[in-house]
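Colleague: Dropping in coords02.txt, which is compact mmCIF, C-alpha atoms:
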```
# COMPACT_ATOMS: atom_id res chain seq x y z
CA MET A 24 -24.61 10.89 10.65
CA VAL A 25 -21.56 8.66 10.38
CA ASN A 26 -18.60 9.64 12.49
CA GLU A 27 -15.54 9.25 10.25
CA ASN A 28 -13.16 8.94 13.17
CA SER A 29 -14.72 5.81 14.59
CA ILE A 30 -13.49 2.55 13.09
CA VAL A 31 -16.76 0.72 13.18
CA GLN A 32 -20.10 2.09 14.18
CA GLU A 33 -22.54 -0.21 15.81
CA LYS A 34 -25.92 0.23 17.39
CA MET A 35 -24.85 -1.36 20.64
CA GLY A 36 -21.53 -2.08 22.28
CA ASN A 37 -18.07 -0.60 22.05
CA SER A 38 -16.40 0.16 18.70
CA LYS A 39 -12.97 -0.38 20.30
CA LEU A 40 -13.79 -4.09 20.50
CA TYR A 41 -13.99 -4.23 16.71
CA LYS A 42 -10.99 -2.03 16.02
CA GLY A 43 -8.47 -4.84 15.85
CA SER A 44 -10.78 -7.08 13.84
CA LEU A 45 -11.45 -4.79 10.89
CA ASN A 46 -8.65 -6.21 8.73
CA THR A 47 -9.69 -9.77 9.54
CA ILE A 48 -13.31 -8.97 8.63
CA ILE A 49 -12.18 -7.58 5.26
CA LEU A 50 -9.91 -10.56 4.55
CA LYS A 51 -12.64 -13.03 5.49
CA LEU A 52 -15.20 -11.34 3.23
CA LEU A 53 -12.81 -11.28 0.28
CA ASP A 54 -11.96 -14.92 0.90
CA GLU A 55 -15.66 -15.79 0.61
CA GLU A 56 -16.68 -13.44 -2.17
CA GLY A 57 -13.60 -13.54 -4.41
CA LYS A 58 -13.47 -9.87 -5.32
CA MET A 59 -15.30 -6.85 -3.90
CA TYR A 60 -15.24 -3.07 -4.12
CA GLY A 61 -15.20 -0.70 -1.15
CA TYR A 62 -18.88 0.23 -0.95
CA GLU A 63 -19.87 -3.42 -1.43
CA ILE A 64 -17.78 -4.41 1.63
CA THR A 65 -19.53 -1.87 3.87
CA GLN A 66 -22.94 -3.10 2.71
CA LYS A 67 -22.03 -6.77 3.12
CA VAL A 68 -20.90 -6.21 6.72
CA LYS A 69 -24.13 -4.35 7.46
CA GLU A 70 -26.16 -7.15 5.88
CA LEU A 71 -24.34 -10.01 7.65
CA SER A 72 -24.57 -8.29 11.03
CA LYS A 73 -28.25 -7.42 10.39
CA GLY A 74 -27.47 -3.73 10.65
CA GLU A 75 -25.59 -4.01 13.95
CA LEU A 76 -22.19 -3.16 12.46
CA ASN A 77 -21.46 -0.35 10.08
CA ILE A 78 -17.89 0.04 8.80
CA THR A 79 -17.36 3.72 8.10
CA GLU A 80 -15.86 4.76 4.77
CA GLY A 81 -13.22 6.75 6.64
CA ALA A 82 -11.96 3.53 8.25
CA LEU A 83 -12.51 1.08 5.42
CA TYR A 84 -10.33 2.64 2.73
CA PRO A 85 -7.19 3.18 4.86
CA ALA A 86 -7.52 -0.48 5.92
CA LEU A 87 -7.91 -1.65 2.32
CA HIS A 88 -4.95 0.44 1.16
CA LYS A 89 -2.80 -0.84 3.99
CA LEU A 90 -3.64 -4.46 3.20
CA GLU A 91 -2.92 -3.80 -0.46
CA ALA A 92 0.38 -2.16 0.36
CA GLU A 93 1.33 -5.14 2.54
CA GLY A 94 0.81 -7.38 -0.48
CA LEU A 95 -2.24 -9.14 0.98
CA LEU A 96 -4.66 -7.67 -1.56
CA ASP A 97 -4.44 -7.19 -5.27
CA VAL A 98 -6.40 -4.63 -7.28
CA GLU A 99 -8.33 -4.98 -10.51
CA VAL A 100 -9.86 -2.02 -12.36
CA ALA A 101 -12.99 -2.67 -14.43
CA ARG A 102 -15.45 -0.44 -16.27
CA VAL A 103 -18.90 -0.48 -14.67
CA ASP A 104 -21.72 1.73 -16.01
CA ASN A 105 -20.21 5.17 -16.70
CA ARG A 106 -17.21 4.80 -14.45
CA LEU A 107 -14.21 2.71 -13.47
CA ARG A 108 -14.42 0.48 -10.40
CA LYS A 109 -11.56 -0.78 -8.26
CA TYR A 110 -12.02 -4.36 -7.10
CA TYR A 111 -9.97 -5.87 -4.29
CA LYS A 112 -9.09 -9.55 -4.14
CA LEU A 113 -6.79 -11.70 -2.02
CA THR A 114 -3.28 -12.48 -3.18
CA GLU A 115 -1.71 -15.86 -2.45
CA LYS A 116 -0.03 -14.28 0.57
CA GLY A 117 -3.40 -12.80 1.58
CA GLU A 118 -5.08 -16.21 1.48
CA LYS A 119 -2.49 -17.65 3.86
CA GLU A 120 -2.75 -14.60 6.11
CA THR A 121 -6.57 -14.91 6.22
CA VAL A 122 -6.32 -18.48 7.52
CA SER A 123 -3.84 -17.46 10.19
CA ARG A 124 -5.75 -14.33 11.27
CA LEU A 125 -9.05 -16.22 11.49
CA ALA A 126 -7.44 -18.89 13.65
CA GLU A 127 -6.01 -16.12 15.82
CA LEU A 128 -9.42 -14.45 16.11
CA GLU A 129 -11.13 -17.74 17.00
CA ASP A 130 -8.54 -18.38 19.72
CA PHE A 131 -9.12 -14.89 21.06
CA ILE A 132 -12.93 -15.32 21.11
CA ARG A 133 -12.54 -18.71 22.85
CA SER A 134 -10.24 -17.23 25.50
CA MET A 135 -12.56 -14.29 26.06
CA GLN A 136 -15.54 -16.57 26.48
CA GLN A 137 -13.68 -18.68 28.98
CA LEU A 138 -12.82 -15.56 30.91
CA VAL A 139 -16.22 -13.91 30.74
CA ASN A 140 -18.37 -17.01 31.00
CA PRO A 141 -16.38 -20.08 32.01
CA LYS A 142 -19.48 -22.32 32.02
CA TRP A 143 -20.18 -21.75 28.33
CA SER A 144 -17.66 -22.00 25.54
CA ILE A 145 -17.62 -22.66 21.82
CA GLN A 146 -16.03 -25.90 20.62
CA MET B 13 -31.31 5.38 -10.25
CA LYS B 14 -28.03 5.20 -12.19
CA LEU B 15 -26.00 8.38 -12.51
CA THR B 16 -25.52 9.87 -15.95
CA LYS B 17 -22.14 10.57 -17.53
CA ASP B 18 -22.61 14.29 -16.77
CA GLN B 19 -23.24 13.58 -13.09
CA ILE B 20 -20.11 11.41 -12.94
CA GLU B 21 -18.16 14.29 -14.46
CA GLU B 22 -19.65 16.61 -11.83
CA ILE B 23 -18.24 14.34 -9.10
CA ASP B 24 -14.86 14.30 -10.84
CA LYS B 25 -14.81 18.10 -11.09
CA TYR B 26 -15.70 18.40 -7.41
CA LEU B 27 -12.79 16.09 -6.48
CA GLN B 28 -10.37 18.13 -8.56
CA TYR B 29 -11.73 21.28 -6.93
CA LEU B 30 -10.83 19.71 -3.56
CA GLY B 31 -7.28 19.05 -4.79
CA VAL B 32 -7.52 15.36 -5.67
CA LYS B 33 -5.45 15.41 -8.84
CA PHE B 34 -4.25 11.81 -9.20
CA ILE B 35 -6.47 9.58 -11.33
CA ASP B 36 -5.95 6.36 -9.35
CA VAL B 37 -7.29 8.12 -6.23
CA ARG B 38 -10.13 9.77 -8.16
CA ILE B 39 -11.50 6.59 -9.75
CA GLU B 40 -12.01 4.95 -6.36
CA LEU B 41 -13.61 8.05 -4.86
CA ILE B 42 -15.85 8.64 -7.88
CA ASP B 43 -17.12 5.07 -7.77
CA HIS B 44 -17.70 5.15 -4.00
CA LEU B 45 -19.55 8.47 -4.03
CA ALA B 46 -21.59 7.57 -7.12
CA THR B 47 -22.58 4.17 -5.71
CA GLU B 48 -23.53 5.65 -2.34
CA PHE B 49 -25.60 8.37 -4.00
CA GLU B 50 -27.34 5.83 -6.25
CA ASN B 51 -28.17 3.49 -3.38
CA GLU B 52 -28.85 5.45 -0.24
CA SER B 53 -28.66 9.19 -0.64
CA GLU B 54 -31.53 11.29 0.66
CA TYR B 55 -30.42 14.18 -1.53
CA VAL B 56 -32.01 14.91 -4.88
CA LEU B 57 -29.11 16.94 -6.28
CA ILE B 58 -25.66 15.38 -6.53
CA GLY B 59 -24.07 18.73 -5.61
CA ASP B 60 -25.83 18.80 -2.23
CA PHE B 61 -24.71 15.24 -1.51
CA LEU B 62 -21.10 16.00 -2.46
CA ARG B 63 -20.92 18.97 -0.10
CA THR B 64 -21.44 16.57 2.85
CA LYS B 65 -18.47 14.46 1.73
CA GLY B 66 -15.71 17.10 1.79
CA ASN B 67 -13.99 15.82 4.93
CA PHE B 68 -14.06 12.21 3.76
CA VAL B 69 -12.48 13.14 0.42
CA LYS B 70 -9.66 15.15 2.02
CA LYS B 71 -8.96 12.45 4.59
CA PHE B 72 -9.05 9.75 1.92
CA GLN B 73 -6.18 11.27 -0.05
CA ARG B 74 -4.16 12.12 3.06
CA GLU B 75 -4.46 8.61 4.50
CA TRP B 76 -3.70 7.01 1.13
CA ASP B 77 -0.48 8.99 0.83
CA LYS B 78 0.64 8.27 4.40
CA THR B 79 -0.16 4.55 4.25
CA ARG B 80 1.55 4.02 0.90
CA HIS B 81 4.70 5.94 1.73
CA TRP B 82 5.42 4.00 4.91
CA SER B 83 4.35 0.67 3.51
CA HIS B 84 6.91 0.94 0.71
CA GLN B 85 9.64 1.80 3.20
CA ASN B 86 8.59 -1.19 5.32
CA ALA B 87 8.57 -3.44 2.26
CA LEU B 88 12.13 -2.34 1.49
CA ILE B 89 13.31 -3.15 5.02
CA ARG B 90 11.57 -6.54 4.89
CA ARG B 91 13.24 -7.32 1.56
CA ILE B 92 16.67 -6.45 2.99
CA LEU B 93 16.05 -8.64 6.04
CA ARG B 94 14.97 -11.53 3.80
CA TYR B 95 18.38 -11.40 2.10
CA PHE B 96 19.85 -12.57 5.38
CA TYR B 97 17.31 -14.97 6.89
CA GLU B 98 15.84 -16.65 3.81
CA PRO B 99 18.31 -19.12 2.28
CA LYS B 100 16.74 -18.59 -1.17
CA GLN B 101 17.76 -14.92 -0.99
CA TRP B 102 21.35 -15.48 0.11
CA PHE B 103 22.44 -15.30 -3.50
CA ILE B 104 22.41 -11.49 -3.48
CA PRO B 105 24.47 -10.76 -0.32
CA VAL B 106 26.89 -13.54 -1.30
CA CYS B 107 27.37 -12.02 -4.77
CA VAL B 108 27.81 -8.51 -3.32
CA GLY B 109 30.34 -9.80 -0.79
CA LEU B 110 32.21 -11.69 -3.49
CA LEU B 111 32.27 -8.65 -5.77
CA ILE B 112 33.74 -6.46 -3.04
CA TRP B 113 36.27 -9.13 -2.04
CA LEU B 114 37.39 -9.60 -5.68
CA HIS B 115 37.72 -5.85 -6.07
CA PHE B 116 39.87 -5.73 -2.97
CA LYS B 117 42.08 -8.57 -4.27
CA ILE B 118 42.39 -7.60 -7.94
CA PHE B 119 42.31 -3.82 -8.19
CA PRO B 120 44.66 -1.39 -6.53
CA ASP B 121 43.36 1.10 -3.96
CA LEU B 122 43.37 3.78 -6.62
CA TYR B 123 40.13 2.51 -8.14
CA ILE B 124 38.27 1.99 -4.90
CA GLU B 125 36.71 5.43 -4.68
CA ILE B 126 35.62 5.36 -8.32
CA SER B 127 34.13 1.87 -7.96
CA PHE B 128 32.41 2.78 -4.70
CA PHE B 129 30.68 5.86 -6.10
CA ALA B 130 29.86 4.14 -9.39
CA THR B 131 28.10 1.29 -7.60
CA LEU B 132 26.02 3.76 -5.60
CA ILE B 133 25.25 6.18 -8.42
CA ILE B 134 24.24 3.56 -11.01
CA PRO B 135 21.21 2.22 -9.02
CA GLN B 136 20.05 5.80 -8.38
CA CYS B 137 20.30 6.63 -12.10
CA LEU B 138 18.51 3.40 -12.99
CA HIS B 139 15.58 4.21 -10.74
CA PHE B 140 15.22 7.67 -12.29
CA TYR B 141 15.29 5.99 -15.69
CA ILE B 142 12.52 3.60 -14.62
CA TYR B 143 10.47 6.56 -13.39
CA TYR B 144 10.95 8.90 -16.34
CA LYS B 145 11.20 6.49 -19.26
CA PRO B 146 7.54 5.38 -19.64
CA GLU B 147 4.68 7.42 -21.00
CA GLY B 148 3.80 10.71 -19.28
CA ILE B 149 0.44 9.34 -18.15
CA HIS B 150 2.19 7.55 -15.28
CA LYS B 151 2.76 10.87 -13.52
CA LYS B 152 -1.00 11.23 -13.12
CA ILE B 153 -1.07 8.08 -11.00
CA LEU B 154 -0.28 8.71 -7.35
CA SER B 155 1.25 5.27 -6.88
CA THR B 156 3.99 6.23 -9.37
CA LYS B 157 5.22 8.87 -6.93
CA TYR B 158 6.49 6.14 -4.62
CA ILE B 159 8.91 4.89 -7.29
CA LEU B 160 10.93 7.97 -6.38
CA SER B 161 10.56 7.77 -2.61
CA ILE B 162 11.57 4.10 -2.31
CA MET B 163 15.19 4.95 -3.10
CA ALA B 164 15.40 7.64 -0.41
CA LEU B 165 16.72 5.19 2.19
CA PRO B 166 19.41 3.57 -0.02
CA SER B 167 20.61 7.02 -1.14
CA ILE B 168 21.50 7.85 2.49
CA PHE B 169 24.72 5.86 2.08
CA MET B 170 25.86 8.28 -0.60
CA TYR B 171 24.88 11.40 1.33
CA LEU B 172 26.54 10.18 4.52
CA MET B 173 29.88 9.81 2.78
CA GLY B 174 30.84 13.39 3.64
CA ILE B 175 30.58 12.64 7.36
CA MET B 176 31.85 9.08 7.16
CA ALA B 177 34.88 9.67 4.89
CA PRO B 178 37.51 10.28 7.64
CA ILE B 179 36.42 7.18 9.59
CA LEU B 180 36.24 5.01 6.48
CA LYS B 181 39.68 6.11 5.27
CA GLU B 182 41.27 5.13 8.55
CA ASN B 183 39.41 1.82 8.87
CA PRO B 184 39.35 -0.16 5.61
CA GLU B 185 37.36 -2.98 7.28
CA ILE B 186 34.57 -0.56 8.18
CA PHE B 187 34.71 0.86 4.65
CA TYR B 188 34.12 -2.58 3.12
CA ILE B 189 31.23 -3.27 5.50
CA TYR B 190 29.76 0.15 4.66
CA TRP B 191 30.12 -0.56 0.95
CA PHE B 192 28.53 -3.99 1.35
CA PHE B 193 25.43 -2.62 3.08
CA ALA B 194 25.19 0.33 0.69
CA LEU B 195 25.09 -2.06 -2.25
CA VAL B 196 22.63 -4.42 -0.58
CA PHE B 197 20.25 -1.51 0.22
CA ASN B 198 20.51 -0.17 -3.33
CA ILE B 199 19.85 -3.54 -4.95
CA ALA B 200 16.86 -4.12 -2.66
CA GLY B 201 15.58 -0.63 -3.49
CA LEU B 202 15.85 -1.30 -7.21
CA GLN B 203 14.01 -4.60 -6.85
CA GLU B 204 11.18 -2.80 -5.00
CA VAL B 205 11.05 -0.10 -7.68
CA VAL B 206 10.79 -2.68 -10.49
CA ALA B 207 8.10 -4.64 -8.60
CA LEU B 208 6.06 -1.48 -7.97
CA LYS B 209 6.38 -0.34 -11.58
CA ARG B 210 5.13 -3.71 -12.84
CA LYS B 211 2.22 -3.59 -10.43
CA ILE B 212 1.22 -0.07 -11.50
CA VAL B 213 1.32 -0.99 -15.18
CA ARG B 214 -0.67 -4.19 -14.57
CA THR B 215 -3.31 -2.59 -12.32
CA TYR B 216 -3.82 0.66 -14.12
CA SER B 217 -3.38 -0.49 -17.72
CA LYS B 218 -6.99 0.58 -18.35
CA LEU B 219 -6.20 4.10 -17.21
CA ILE B 220 -2.97 4.22 -19.19
CA SER B 221 -4.61 2.96 -22.38
CA ASN B 222 -7.64 5.31 -22.08
```
Rewrite the structure of this file - the entire thing - as structure tokens.

Modeller:
Amino acid sequence: MVNENSIVQEKMGNSKLYKGSLNTIILKLLDEEGKMYGYEITQKVKELSKGELNITEGALYPALHKLEAEGLLDVEVARVDNRLRKYYKLTEKGEKETVSRLAELEDFIRSMQQLVNPKWSIQ
Amino acid sequence: MKLTKDQIEEIDKYLQYLGVKFIDVRIELIDHLATEFENESEYVLIGDFLRTKGNFVKKFQREWDKTRHWSHQNALIRRILRYFYEPKQWFIPVCVGLLIWLHFKIFPDLYIEISFFATLIIPQCLHFYIYYKPEGIHKKILSTKYILSIMALPSIFMYLMGIMAPILKENPEIFYIYWFFALVFNIAGLQEVVALKRKIVRTYSKLISN
């Protein structure tokens, strides 16, 4: 059973570690895929992390709506099967923000690795 | 297994039963619930599956409302700040300042109160016009609601006049500064309203035309 209050559920580890990265994960996926809908994002994260990470629906949509409201995402409505589907895609501002947030995340990971394991670090 | 049109309608009815009345919120929820049911539900009947999603649906609408409301207020503040730190945006505060200075130079004090209230009331009326003018279908879109709430902050200048009047009458310099910021806030508010309206029409044109 998925706990709606947790940001990201994962089989191992601490969900708090992923809390601040949720928006960056979404931006990165949209940057790669072009446009995606909510359910597709949750499945893609699960697939890429080989089932280790599971973004809950209760966390995903507020994040998407916030990014949209900040002008980082744009929305497109299309008819699919018997229903309408809302696709999210990056705006020009969102593309720039993705680059900057990914650089920030990489810096953070590098710093953490230096702290946790000074003998091994990514280049 | 793809859901039938009747099953999609069942989801829609369930959402309305839970109080989700705006169509822009419903389309996203319908698609999410339908896709999840089609791909990974262990339930045979859609009704049984929906009953497990009550909390998610209620939280979805609540969070949407909260996020949007504050994001529009933040966007308004950011727009106002940009008027002052982005050279490309200086045009607006310069024009407002010039307008007030010309008024001070050309017109006698008699007209000041009329001009002041007119410049505050006109943007408020314009934003109501932008909200009410288009087709009624817009009211069924939750995002449209924020067209009204954006102007809440700029309208404070008008409502505060009762308290501020004695101070402003005694200090003309403060009055002109007050007027300047009131106009800047109102113009920024109107720009936000127009931008939001355009976005709603562009994004939800399929809903409006259906």

Colleague: Ranking B:Arg214, B:Lys33, B:Lys25, B:Lys157 by minimum distance to chain A and counting all atoms listed in the file, which one comes first?

Modeller: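 When distances to chain A are compared using all atoms listed in the file, the smallest one comes from B:Arg214.
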
Colleague: Could you list, as a ChimeraX atom specification, every residue of chain A that has an atom within 8 Å of an atom of chain B, counting all atoms listed in the file?

Modeller: /A:27,61-62,80-81,84-85,88-89,92-93,98-101,105-109

Colleague: Only C-alpha atoms, please: the residues just picked out, written as an mmCIF file, in the frame of the given file.

Modeller:
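Below you can see selection.cif, which holds the result:
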```cif
data_model
loop_
_atom_site.group_PDB
_atom_site.id
_atom_site.type_symbol
_atom_site.label_atom_id
_atom_site.label_comp_id
_atom_site.auth_asym_id
_atom_site.auth_seq_id
_atom_site.Cartn_x
_atom_site.Cartn_y
_atom_site.Cartn_z
ATOM 1 C CA GLU A 27 -15.540 9.250 10.250
ATOM 2 C CA GLY A 61 -15.200 -0.700 -1.150
ATOM 3 C CA TYR A 62 -18.880 0.230 -0.950
ATOM 4 C CA GLU A 80 -15.860 4.760 4.770
ATOM 5 C CA GLY A 81 -13.220 6.750 6.640
ATOM 6 C CA TYR A 84 -10.330 2.640 2.730
ATOM 7 C CA PRO A 85 -7.190 3.180 4.860
ATOM 8 C CA HIS A 88 -4.950 0.440 1.160
ATOM 9 C CA LYS A 89 -2.800 -0.840 3.990
ATOM 10 C CA ALA A 92 0.380 -2.160 0.360
ATOM 11 C CA GLU A 93 1.330 -5.140 2.540
ATOM 12 C CA VAL A 98 -6.400 -4.630 -7.280
ATOM 13 C CA GLU A 99 -8.330 -4.980 -10.510
ATOM 14 C CA VAL A 100 -9.860 -2.020 -12.360
ATOM 15 C CA ALA A 101 -12.990 -2.670 -14.430
ATOM 16 C CA ASN A 105 -20.210 5.170 -16.700
ATOM 17 C CA ARG A 106 -17.210 4.800 -14.450
ATOM 18 C CA LEU A 107 -14.210 2.710 -13.470
ATOM 19 C CA ARG A 108 -14.420 0.480 -10.400
ATOM 20 C CA LYS A 109 -11.560 -0.780 -8.260
#
```

Colleague: I need the residue nearest Leu208 in chain B from this list: B:Ile189, B:Ile142, B:Val106, B:Leu165. Use all atoms listed in the file for the distance.

Modeller: B:Ile142

Colleague: Rounded to one decimal place, report the CA of Leu172 in chain B-CA of Trp191 in chain B distance in Å.

Modeller: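 Computing it gives 11.9 Å between the two atoms.
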
Colleague: Rounded to one decimal place, report the CA of Thr64 in chain B-CA of Phe49 in chain B distance in Å.

Modeller: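 These two atoms are separated by 11.5 Å.
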
Colleague: Just the residues within 9 Å of Val68 in chain A, please, counting only C-alpha atoms, with nothing from its chain fewer than 4 positions along; format it as an MDAnalysis selection string.

Modeller: chainID A and resid 48:49 52 63:64 72:78

Colleague: In Å, how far is it from CA of Ala82 in chain A to CA of Lys51 in chain A?

Modeller: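 About the pair CA of Ala82 in chain A and CA of Lys51 in chain A: they are 16.8 Å apart.
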
Colleague: Distance cut-off 10 Å, centre (15.3, -3.0, 3.6) in file coordinates, counting all atoms listed in the file: which residues qualify? Return them as a PyMOL selection string.

Modeller: chain B and resi 84-95+162+165-166+196-201+204

Colleague: Restricting the output to C-alpha atoms, write the selected residues as a compact mmCIF listing (two decimals), in the coordinates of the input.

Modeller:
```
# COMPACT_ATOMS: atom_id res chain seq x y z
CA HIS B 84 6.91 0.94 0.71
CA GLN B 85 9.64 1.80 3.20
CA ASN B 86 8.59 -1.19 5.32
CA ALA B 87 8.57 -3.44 2.26
CA LEU B 88 12.13 -2.34 1.49
CA ILE B 89 13.31 -3.15 5.02
CA ARG B 90 11.57 -6.54 4.89
CA ARG B 91 13.24 -7.32 1.56
CA ILE B 92 16.67 -6.45 2.99
CA LEU B 93 16.05 -8.64 6.04
CA ARG B 94 14.97 -11.53 3.80
CA TYR B 95 18.38 -11.40 2.10
CA ILE B 162 11.57 4.10 -2.31
CA LEU B 165 16.72 5.19 2.19
CA PRO B 166 19.41 3.57 -0.02
CA VAL B 196 22.63 -4.42 -0.58
CA PHE B 197 20.25 -1.51 0.22
CA ASN B 198 20.51 -0.17 -3.33
CA ILE B 199 19.85 -3.54 -4.95
CA ALA B 200 16.86 -4.12 -2.66
CA GLY B 201 15.58 -0.63 -3.49
CA GLU B 204 11.18 -2.80 -5.00
```

Colleague: Nearest residue to Glu55 in chain A out of A:Glu127, A:Glu118, A:Glu91, A:Asp104, using all atoms listed in the file?

Modeller: A:Glu118

Colleague: Choose the residue, out of A:Leu128, A:Leu83, A:Leu113, A:Leu138, that has the smallest atom-to-atom separation from Ser44 in chain A; count all atoms listed in the file.

Modeller: A:Leu128

Colleague: What's around Lys119 in chain A at 12 Å? Count only C-alpha atoms, leave out sequence neighbours fewer than 4 positions away in its own chain, and write the answer as a PyMOL selection string.

Modeller: chain A and resi 50-51+54+94-96+113-115+123-126

Colleague: Using C-alpha atoms, can you export the residues from the last selection as a CSV table (one decimal), keeping the file's coordinate frame?

Modeller:
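Listed below is the output, out.csv:
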```csv
chain,number,residue,atom,x,y,z
A,50,LEU,CA,-9.9,-10.6,4.6
A,51,LYS,CA,-12.6,-13.0,5.5
A,54,ASP,CA,-12.0,-14.9,0.9
A,94,GLY,CA,0.8,-7.4,-0.5
A,95,LEU,CA,-2.2,-9.1,1.0
A,96,LEU,CA,-4.7,-7.7,-1.6
A,113,LEU,CA,-6.8,-11.7,-2.0
A,114,THR,CA,-3.3,-12.5,-3.2
A,115,GLU,CA,-1.7,-15.9,-2.4
A,123,SER,CA,-3.8,-17.5,10.2
A,124,ARG,CA,-5.8,-14.3,11.3
A,125,LEU,CA,-9.0,-16.2,11.5
A,126,ALA,CA,-7.4,-18.9,13.6
```

Colleague: Set the distance at 6 Å and use all atoms listed in the file: which residues neighbour Tyr111 in chain A once local chain neighbours fewer than 3 positions away are removed? I'd like the list as a ChimeraX atom specification.

Modeller: /A:58-60,97-98

Colleague: If we count all atoms listed in the file, what is near range 121-133 of chain B at a cut-off of 8 Å, once residues fewer than 5 positions away on the same chain are taken out, given as an MDAnalysis selection string?

Modeller: chainID B and resid 115:116 167 170 191 194:195 198

Colleague: Emit a file covering range 126-138 of chain A of the preceding structure with N, CA and C atoms, as a short mmCIF file (atom, residue, chain, number, x, y, z; two decimals), in the first residue's frame.

Modeller:
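The file below, result_27.cif, is the result:
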```cif
data_model
loop_
_atom_site.label_atom_id
_atom_site.label_comp_id
_atom_site.auth_asym_id
_atom_site.auth_seq_id
_atom_site.Cartn_x
_atom_site.Cartn_y
_atom_site.Cartn_z
N ALA A 126 23.09 20.70 -12.59
CA ALA A 126 24.46 21.06 -12.21
C ALA A 126 24.56 21.14 -10.68
N GLU A 127 23.52 21.72 -10.10
CA GLU A 127 23.47 21.85 -8.63
C GLU A 127 23.46 20.47 -7.96
N LEU A 128 22.65 19.57 -8.54
CA LEU A 128 22.53 18.22 -7.99
C LEU A 128 23.86 17.46 -8.12
N GLU A 129 24.51 17.62 -9.27
CA GLU A 129 25.79 16.94 -9.48
C GLU A 129 26.84 17.44 -8.48
N ASP A 130 26.85 18.75 -8.25
CA ASP A 130 27.77 19.33 -7.27
C ASP A 130 27.51 18.75 -5.88
N PHE A 131 26.21 18.64 -5.57
CA PHE A 131 25.82 18.12 -4.26
C PHE A 131 26.29 16.67 -4.10
N ILE A 132 26.05 15.84 -5.15
CA ILE A 132 26.44 14.43 -5.09
C ILE A 132 27.97 14.33 -4.93
N ARG A 133 28.69 15.17 -5.70
CA ARG A 133 30.16 15.15 -5.62
C ARG A 133 30.63 15.50 -4.21
N SER A 134 30.04 16.54 -3.64
CA SER A 134 30.42 16.95 -2.28
C SER A 134 30.12 15.86 -1.27
N MET A 135 28.95 15.23 -1.43
CA MET A 135 28.56 14.18 -0.49
C MET A 135 29.52 12.99 -0.59
N GLN A 136 29.91 12.67 -1.82
CA GLN A 136 30.82 11.54 -1.97
C GLN A 136 32.18 11.84 -1.37
N GLN A 137 32.61 13.08 -1.51
CA GLN A 137 33.89 13.46 -0.91
C GLN A 137 33.83 13.38 0.61
N LEU A 138 32.66 13.71 1.13
CA LEU A 138 32.49 13.66 2.58
C LEU A 138 32.39 12.23 3.09
#
```
